[in-house]
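*Asks:* Data: final_34.cif, mmCIF, C-alpha atoms.
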```cif
data_model
loop_
_atom_site.label_atom_id
_atom_site.label_comp_id
_atom_site.auth_asym_id
_atom_site.auth_seq_id
_atom_site.Cartn_x
_atom_site.Cartn_y
_atom_site.Cartn_z
CA MET B 1 -5.11 4.08 -11.50
CA LYS B 2 -8.38 5.97 -11.57
CA LYS B 3 -9.97 5.31 -8.18
CA LEU B 4 -8.54 4.99 -4.66
CA LEU B 5 -10.44 3.56 -1.71
CA ILE B 6 -9.23 5.08 1.56
CA LEU B 7 -10.16 3.24 4.77
CA THR B 8 -10.75 5.40 7.83
CA ASP B 9 -11.84 5.05 11.43
CA PHE B 10 -11.30 8.81 12.00
CA SER B 11 -8.30 8.20 14.25
CA ALA B 12 -5.16 10.34 13.92
CA THR B 13 -3.41 7.46 12.18
CA ALA B 14 -6.25 7.01 9.70
CA ASN B 15 -6.46 10.77 9.06
CA HIS B 16 -2.74 10.81 8.29
CA ALA B 17 -3.21 7.98 5.80
CA ALA B 18 -6.24 9.74 4.29
CA LEU B 19 -4.23 12.91 3.75
CA TYR B 20 -1.46 10.88 2.13
CA GLY B 21 -4.01 9.11 -0.08
CA TYR B 22 -5.63 12.41 -1.04
CA ARG B 23 -2.32 13.93 -2.13
CA LEU B 24 -1.48 10.75 -4.01
CA ALA B 25 -4.85 10.96 -5.78
CA ILE B 26 -3.98 14.51 -6.89
CA GLN B 27 -0.73 13.30 -8.41
CA LEU B 28 -2.52 10.34 -10.06
CA LYS B 29 -5.49 12.48 -11.10
CA ALA B 30 -7.66 9.82 -9.51
CA ASP B 31 -10.92 9.93 -7.55
CA ILE B 32 -11.54 8.74 -3.99
CA ILE B 33 -13.93 6.60 -1.98
CA LEU B 34 -13.74 7.31 1.76
CA CYS B 35 -14.78 4.10 3.49
CA ASN B 36 -15.63 3.79 7.18
CA ALA B 37 -16.42 0.53 8.99
CA ALA B 38 -17.66 0.48 12.56
CA ILE B 39 -14.95 -1.92 13.63
CA VAL B 40 -11.79 -1.02 11.74
CA ALA B 41 -9.23 -1.95 14.38
CA SER B 42 -10.80 -5.16 15.66
CA ASP B 43 -11.05 -8.81 14.67
CA ILE B 44 -14.55 -9.20 16.16
CA PRO B 45 -16.74 -10.62 13.37
CA LEU B 46 -20.08 -8.91 12.78
CA ALA B 47 -22.57 -9.71 10.09
CA GLY B 48 -23.13 -6.14 9.04
CA LEU B 49 -25.88 -3.56 9.11
CA ALA B 50 -28.72 -5.99 9.81
CA SER B 51 -27.09 -7.27 13.01
CA TRP B 52 -27.14 -3.84 14.67
CA PRO B 53 -30.10 -2.55 16.72
CA LEU B 54 -31.92 0.11 14.70
CA GLU B 55 -31.23 2.94 17.16
CA GLU B 56 -27.51 2.15 17.42
CA ARG B 57 -27.26 1.75 13.66
CA ASP B 58 -28.85 5.14 12.98
CA THR B 59 -26.69 6.86 15.60
CA TYR B 60 -23.56 5.31 14.18
CA LEU B 61 -24.42 6.26 10.61
CA GLN B 62 -25.21 9.84 11.63
CA ASN B 63 -21.95 10.20 13.54
CA SER B 64 -20.04 8.61 10.70
CA GLN B 65 -21.56 11.00 8.18
CA GLU B 66 -20.60 13.99 10.33
CA GLU B 67 -17.04 12.73 10.78
CA ILE B 68 -16.56 11.94 7.12
CA THR B 69 -17.88 15.38 6.12
CA LEU B 70 -15.30 16.98 8.41
CA LEU B 71 -12.58 14.74 6.99
CA LYS B 72 -13.53 15.67 3.43
CA ALA B 73 -13.38 19.38 4.30
CA HIS B 74 -10.01 18.89 5.99
CA LEU B 75 -8.55 17.12 2.96
CA GLU B 76 -9.83 19.69 0.49
CA SER B 77 -8.63 22.61 2.61
CA GLY B 78 -5.03 21.69 1.89
CA ASN B 79 -5.45 21.83 -1.87
CA HIS B 80 -4.73 25.50 -2.58
CA THR B 81 -2.55 24.98 -5.62
CA GLY B 82 -5.30 24.81 -8.21
CA LYS B 83 -4.23 21.29 -9.07
CA TYR B 84 -6.57 18.39 -9.79
CA GLN B 85 -9.48 18.20 -7.32
CA PRO B 86 -10.38 14.55 -6.62
CA THR B 87 -14.05 13.66 -6.53
CA MET B 88 -14.89 12.02 -3.19
CA ILE B 89 -17.80 9.75 -2.33
CA PHE B 90 -18.55 8.15 1.04
CA VAL B 91 -19.29 4.63 2.22
CA SER B 92 -20.30 4.01 5.85
CA ASP B 93 -21.55 0.70 7.16
CA PRO B 94 -21.45 -1.01 10.58
CA GLY B 95 -19.55 -4.27 10.36
CA SER B 96 -16.06 -5.68 10.24
CA LEU B 97 -13.43 -4.09 8.05
CA ILE B 98 -13.27 -7.06 5.68
CA HIS B 99 -17.08 -7.28 5.41
CA VAL B 100 -17.52 -3.60 4.56
CA LEU B 101 -14.55 -3.57 2.21
CA ASP B 102 -15.72 -6.66 0.31
CA ASP B 103 -19.18 -5.16 -0.14
CA THR B 104 -17.70 -1.91 -1.41
CA LEU B 105 -15.32 -3.62 -3.83
CA ASP B 106 -18.18 -5.75 -5.17
CA GLN B 107 -20.14 -2.62 -6.00
CA THR B 108 -17.41 -0.25 -7.20
CA GLN B 109 -14.36 -0.50 -9.43
CA VAL B 110 -11.34 0.31 -7.23
CA ASP B 111 -7.69 0.25 -8.29
CA LEU B 112 -5.94 0.75 -4.95
CA VAL B 113 -6.85 0.41 -1.26
CA VAL B 114 -5.13 2.83 1.16
CA MET B 115 -4.98 2.34 4.93
CA GLY B 116 -3.00 3.53 7.94
CA THR B 117 -1.50 1.33 10.63
CA HIS B 118 -2.47 1.34 14.30
CA SER B 119 0.60 -0.19 15.94
CA GLY B 120 3.41 2.21 15.21
CA ASP B 121 6.31 2.14 12.83
CA GLN B 122 8.54 -0.66 14.07
CA VAL B 123 8.72 -3.45 11.49
CA HIS B 124 7.30 -6.07 13.84
CA THR B 125 4.25 -4.07 14.90
CA PHE B 126 3.77 -2.54 11.46
CA LEU B 127 3.35 -5.91 9.75
CA PHE B 128 1.76 -7.82 12.59
CA ASP B 129 -0.82 -5.19 13.45
CA SER B 130 -3.99 -7.29 13.28
CA PRO B 131 -5.95 -5.25 10.70
CA CYS B 132 -2.87 -4.99 8.48
CA MET B 133 -2.19 -8.72 8.66
CA ASN B 134 -5.83 -9.51 7.85
CA MET B 135 -5.74 -7.14 4.90
CA ILE B 136 -2.45 -8.56 3.60
CA LYS B 137 -3.91 -12.07 3.73
CA THR B 138 -7.30 -11.29 2.19
CA ALA B 139 -7.02 -8.22 -0.05
CA HIS B 140 -7.30 -8.95 -3.76
CA LYS B 141 -6.63 -5.34 -4.70
CA PRO B 142 -3.25 -3.64 -4.36
CA LEU B 143 -2.94 -2.46 -0.76
CA LEU B 144 -0.97 0.67 0.19
CA MET B 145 -0.16 0.74 3.92
CA ILE B 146 0.82 4.15 5.28
CA PRO B 147 2.99 4.29 8.43
CA SER B 148 2.65 7.33 10.64
CA ALA B 149 6.28 8.26 9.88
CA ALA B 150 5.56 8.59 6.15
CA LYS B 151 5.71 12.14 4.82
CA PHE B 152 4.12 12.83 1.48
CA SER B 153 6.06 14.51 -1.27
CA ALA B 154 5.66 14.01 -4.99
CA ILE B 155 6.45 10.36 -5.77
CA LYS B 156 9.79 10.36 -7.57
CA ASN B 157 10.89 6.74 -7.26
CA ILE B 158 9.13 3.42 -6.70
CA ASN B 159 11.28 0.56 -5.39
CA PHE B 160 10.09 -2.93 -6.31
CA ILE B 161 11.65 -5.76 -4.29
CA THR B 162 11.87 -9.27 -5.75
CA ASP B 163 14.19 -12.26 -5.32
CA SER B 164 16.21 -14.38 -7.73
CA LYS B 165 13.84 -17.34 -7.38
CA ASN B 166 10.80 -15.35 -8.54
CA CYS B 167 12.25 -12.58 -10.68
CA ASN B 168 11.15 -14.12 -14.01
CA SER B 169 7.54 -14.55 -12.93
CA ASP B 170 7.63 -11.09 -11.36
CA LEU B 171 8.33 -9.43 -14.71
CA LYS B 172 4.58 -9.21 -15.34
CA PHE B 173 4.18 -7.28 -12.07
CA ILE B 174 7.08 -5.02 -13.01
CA ALA B 175 5.24 -4.20 -16.23
CA GLN B 176 2.16 -3.20 -14.20
CA ILE B 177 4.23 -1.09 -11.82
CA LEU B 178 5.81 0.62 -14.81
CA LEU B 179 2.36 1.86 -15.78
CA LEU B 180 1.92 3.29 -12.28
CA ALA B 181 5.35 4.92 -12.48
CA LYS B 182 4.40 6.43 -15.82
CA GLN B 183 1.17 7.83 -14.38
CA LEU B 184 3.10 9.34 -11.46
CA GLU B 185 5.94 10.49 -13.72
CA SER B 186 8.32 8.75 -11.34
CA GLY B 187 11.30 6.46 -11.69
CA LEU B 188 11.34 2.74 -10.93
CA THR B 189 14.04 0.76 -9.16
CA VAL B 190 14.02 -3.04 -9.18
CA SER B 191 15.93 -4.47 -6.22
CA CYS B 192 16.59 -8.20 -6.40
CA LEU B 193 17.58 -10.27 -3.39
CA ASP B 194 20.22 -12.88 -4.13
CA GLU B 195 18.58 -16.11 -2.98
CA GLY B 196 21.27 -18.54 -4.11
CA SER B 197 20.75 -18.50 -7.88
CA LYS B 198 22.74 -21.14 -9.79
CA GLU B 199 23.93 -18.44 -12.16
CA THR B 200 26.88 -16.27 -11.33
CA SER B 201 25.99 -12.78 -10.16
CA LEU B 202 27.28 -11.36 -13.46
CA GLU B 203 25.19 -13.77 -15.56
CA PHE B 204 22.11 -13.14 -13.51
CA GLU B 205 22.43 -9.36 -13.64
CA LEU B 206 23.05 -9.46 -17.40
CA ARG B 207 19.90 -11.53 -17.93
CA MET B 208 17.82 -9.25 -15.71
CA ASN B 209 19.17 -6.11 -17.37
CA ASN B 210 18.22 -7.47 -20.80
CA ALA B 211 14.71 -8.38 -19.58
CA LEU B 212 14.17 -4.98 -17.98
CA LEU B 213 15.46 -3.21 -21.07
CA LYS B 214 12.71 -4.87 -23.09
CA LEU B 215 10.10 -3.60 -20.63
CA SER B 216 11.44 -0.09 -20.56
CA ASN B 217 11.01 2.09 -23.63
CA GLU B 218 10.64 5.74 -24.48
CA LYS B 219 7.09 5.80 -23.11
CA HIS B 220 8.07 4.42 -19.72
CA PRO B 221 10.37 5.62 -16.94
CA HIS B 222 13.90 4.35 -16.83
CA ILE B 223 14.34 1.22 -14.70
CA ASN B 224 17.26 1.12 -12.28
CA TYR B 225 18.39 -2.33 -11.17
CA THR B 226 20.27 -3.33 -8.03
CA MET B 227 21.25 -6.57 -6.28
CA LYS B 228 20.91 -6.91 -2.50
CA HIS B 229 22.22 -9.55 -0.13
CA SER B 230 19.59 -12.00 1.10
CA GLY B 231 20.69 -11.32 4.68
CA GLN B 232 18.72 -8.07 4.51
CA ILE B 233 15.51 -10.08 4.39
CA LYS B 234 15.21 -9.91 8.19
CA VAL B 235 15.12 -6.12 8.19
CA LEU B 236 12.45 -4.63 5.96
CA ALA B 237 13.89 -1.16 6.50
CA GLY B 238 17.18 -2.48 5.09
CA LEU B 239 15.57 -3.18 1.72
CA TYR B 240 15.31 0.46 0.76
CA GLU B 241 17.20 3.71 1.01
CA ARG B 242 15.03 6.22 2.88
CA ASP B 243 16.06 9.15 0.71
CA GLU B 244 15.76 7.22 -2.56
CA THR B 245 12.44 5.40 -2.16
CA ASP B 246 8.99 6.97 -1.97
CA ILE B 247 6.96 3.74 -2.23
CA LEU B 248 8.23 0.22 -1.50
CA VAL B 249 6.48 -2.54 -3.50
CA VAL B 250 6.37 -6.25 -2.64
CA ILE B 251 4.47 -9.24 -4.00
CA ASN B 252 2.57 -11.33 -1.45
CA ARG B 253 2.94 -14.94 -2.53
CA PRO B 254 3.80 -18.22 -0.78
CA ASP B 255 7.49 -18.99 -0.34
CA ASN B 256 8.92 -15.69 -1.50
CA PHE B 257 11.00 -13.34 0.64
CA PHE B 258 7.96 -11.32 1.78
CA ASP B 259 6.17 -14.47 2.93
CA GLN B 260 9.30 -15.35 4.92
CA LEU B 261 9.39 -11.84 6.34
CA LEU B 262 5.80 -12.20 7.58
CA HIS B 263 6.99 -15.20 9.60
CA GLU B 264 10.15 -13.46 10.83
CA ARG B 265 9.78 -12.21 14.40
CA GLU B 266 13.30 -10.86 14.92
CA THR B 267 12.51 -7.35 13.70
CA THR B 268 11.63 -5.50 16.86
CA THR B 269 14.65 -3.28 17.53
CA LEU B 270 14.07 0.45 17.59
CA GLU B 271 16.22 1.19 14.57
CA ASN B 272 14.11 -1.03 12.31
CA GLN B 273 11.53 1.58 11.41
CA ILE B 274 9.25 1.85 8.40
CA SER B 275 9.20 5.38 7.04
CA VAL B 276 7.83 4.88 3.52
CA PRO B 277 4.48 3.43 2.39
CA LEU B 278 4.43 -0.29 1.61
CA LEU B 279 2.46 -1.37 -1.49
CA VAL B 280 1.49 -5.05 -1.28
CA ILE B 281 0.27 -6.78 -4.45
CA LYS B 282 -1.25 -10.24 -4.29
CA GLY B 283 0.75 -12.74 -6.35
#
```
Here is a file; write its structure as structure tokens.

*Replies:*
Amino acid sequence: MKKLLILTDFSATANHAALYGYRLAIQLKADIILCNAAIVASDIPLAGLASWPLEERDTYLQNSQEEITLLKAHLESGNHTGKYQPTMIFVSDPGSLIHVLDDTLDQTQVDLVVMGTHSGDQVHTFLFDSPCMNMIKTAHKPLLMIPSAAKFSAIKNINFITDSKNCNSDLKFIAQILLLAKQLESGLTVSCLDEGSKETSLEFELRMNNALLKLSNEKHPHINYTMKHSGQIKVLAGLYERDETDILVVINRPDNFFDQLLHERETTTLENQISVPLLVIKG
């Protein structure tokens, strides 16, 4: 990954996500686009720059430029280690989040979109926060969602969640995530939910281990493999170990466990908290 696009509305939540994205860019040795849309946390559709009165447009753009300059200075002030210094460019445009993002992605090659969440860390509000849900449904680039409880440290392990029905087709995504793990010099864990495979657990695990062994070689991180009970599907926080996962990865496709999770509303108890970033890849 060479370029990250970080969405910001200059809120505390967005600033937290921006700082996380900045530190991730250092580890990836990637560059950054800071992108601000006038309406980040709203579903109200606007056409874009042309629909705004000239005076309001100019005032907004001036304020946005001032805020984004302060944000850039804040991000750079924390980089005292002499490590890689990401190049940052700015994009500001009045309009809806999706409109501004689509325009930016059309004009610039971006590998990863980073955003914070506005509705807290509980699983229900994390996933069903309106901007997050819209982004999950529409984003064609990998989307990294940063909860406010996430604390950045060097990425040491990526946990990819799949299920027994889709594990074969997901091997191509695992190969892509291996490249990310290599770039981060991190490990990779593949956690597979048992969704009633016709094979015995032993047969299935043997087949998966052989497939993963072919993907993993001396140039790639070692792949750990675990099986998880499908009952954990209702609790996203139950799919990872907090101290063993730095990024949780899921594939967004119809009829897989993540699609079911998006329709699961029984995830509102206080203990069901998201504390690691969630990377969503469109299947």

*Asks:* For Gly21 of chain B, find every residue with an atom within 9 Å (counting all atoms listed in the file), except residues of its own chain fewer than 2 positions away, and show them as a list of chain:residue names.

*Replies:*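 Here the qualifying residues turn out to be B:Leu4, B:Leu5, B:Ile6, B:His16, B:Ala17, B:Ala18, B:Leu19, B:Arg23, B:Leu24, B:Ala25, B:Ile26, B:Ile32, B:Val114, B:Met115, B:Leu144, B:Ile146.
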
*Asks:* Rank B:Leu279, B:Leu7, B:Leu261, B:Cys132 by their smallest atom-to-atom distance to Ile177 of chain B, using all atoms listed in the file, and report the top residue only.

*Replies:*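 Of all the options, B:Leu279 lies closest to Ile177 of chain B.
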
*Asks:* Figure out the distance between atom CA of Leu112 of chain B and atom CA of Tyr225 of chain B, please, to one decimal in Å.

*Replies:*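 Rounded to one decimal, the two atoms are 25.3 Å apart.
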
*Asks:* I'd like the neighbourhood of Gln183 of chain B as JSON, numbers by chain, where a residue qualifies if any of its atoms comes within 10 Å (using only C-alpha atoms), though same-chain residues fewer than 2 positions away should be ignored.

*Replies:* {"B": [1, 27, 28, 29, 177, 178, 179, 180, 181, 185, 186, 220, 221]}

*Asks:* Need the neighbours of (3.2, -12.1, -0.6): which residues are at most 12 Å away, counting all atoms listed in the file, as a ChimeraX atom specification?

*Replies:* /B:133,135-140,142-143,161-163,166,170,249-263,279-283

*Asks:* For the structure provided, state which residues fall under the PyMOL selection byres ((chain B and resi 215) around 12), and present them as number ranges by chain.

*Replies:* B: 171-179, 188, 208-214, 216-224

*Asks:* Pull out every residue that the PyMOL selection byres ((chain B and resi 85) around 9) matches in the shown coordinates and put them as a PyMOL selection string.

*Replies:* chain B and resi 25-26+29-31+76+79+82-84+86-87

*Asks:* Which residues, protein or nucleic acid, reach to within 10 Å of (4.4, 13.4, 13.3) in the file's coordinates when using all atoms listed in the file, and can you give that as a PyMOL selection string?

*Replies:* chain B and resi 13+16+148-151

*Asks:* When you look at Ile33 of chain B with a cut-off of 6 Å (counting only C-alpha atoms), what residues show up, excluding the ones that are within fewer than 2 positions of it in the same chain? I need them as a PyMOL selection string.

*Replies:* chain B and resi 5+88-90

*Asks:* Write a file of the just-selected residues containing C-alpha atoms, as a compact mmCIF listing (two decimals), in the coordinates of the input.

*Replies:*
```txt
# COMPACT_ATOMS: atom_id res chain seq x y z
CA LEU B 5 -10.44 3.56 -1.71
CA MET B 88 -14.89 12.02 -3.19
CA ILE B 89 -17.80 9.75 -2.33
CA PHE B 90 -18.55 8.15 1.04
```

*Asks:* To test the calculation: enclose all listed atoms of segment 102-108 of chain B in a box whose edges run along x, y and z, add 4 Å on each side, then state centre and edge lengths in Å to one decimal, as JSON.

*Replies:*
```
{"center_x": -17.7, "center_y": -3.5, "center_z": -3.4, "size_x": 12.8, "size_y": 14.4, "size_z": 15.5}
```

*Asks:* In terms of the shortest atom-to-atom distance over only C-alpha atoms, which of B:Asp246, B:Asp194, B:Glu66, B:Asp111 is closest to Ile158 of chain B?

*Replies:*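 Selected residue with least distance to Ile158 of chain B: B:Asp246.
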
*Asks:* So how far away is atom CA of Ala73 of chain B from atom CA of Leu61 of chain B, in Å?

*Replies:* 18.3 Å

*Asks:* Measuring atom to atom with all atoms listed in the file, identify which of B:Ala14, B:Val91, B:Leu184, B:Cys192 is nearest to Lys228 of chain B.

*Replies:*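 Closest candidate: B:Cys192.
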
*Asks:* For atom CA of Leu278 of chain B and atom CA of Asn15 of chain B, determine how far apart the two atoms are, in Å to one decimal place.

*Replies:*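 If I compute the distance from atom CA of Leu278 of chain B to atom CA of Asn15 of chain B, I get 17.2 Å.
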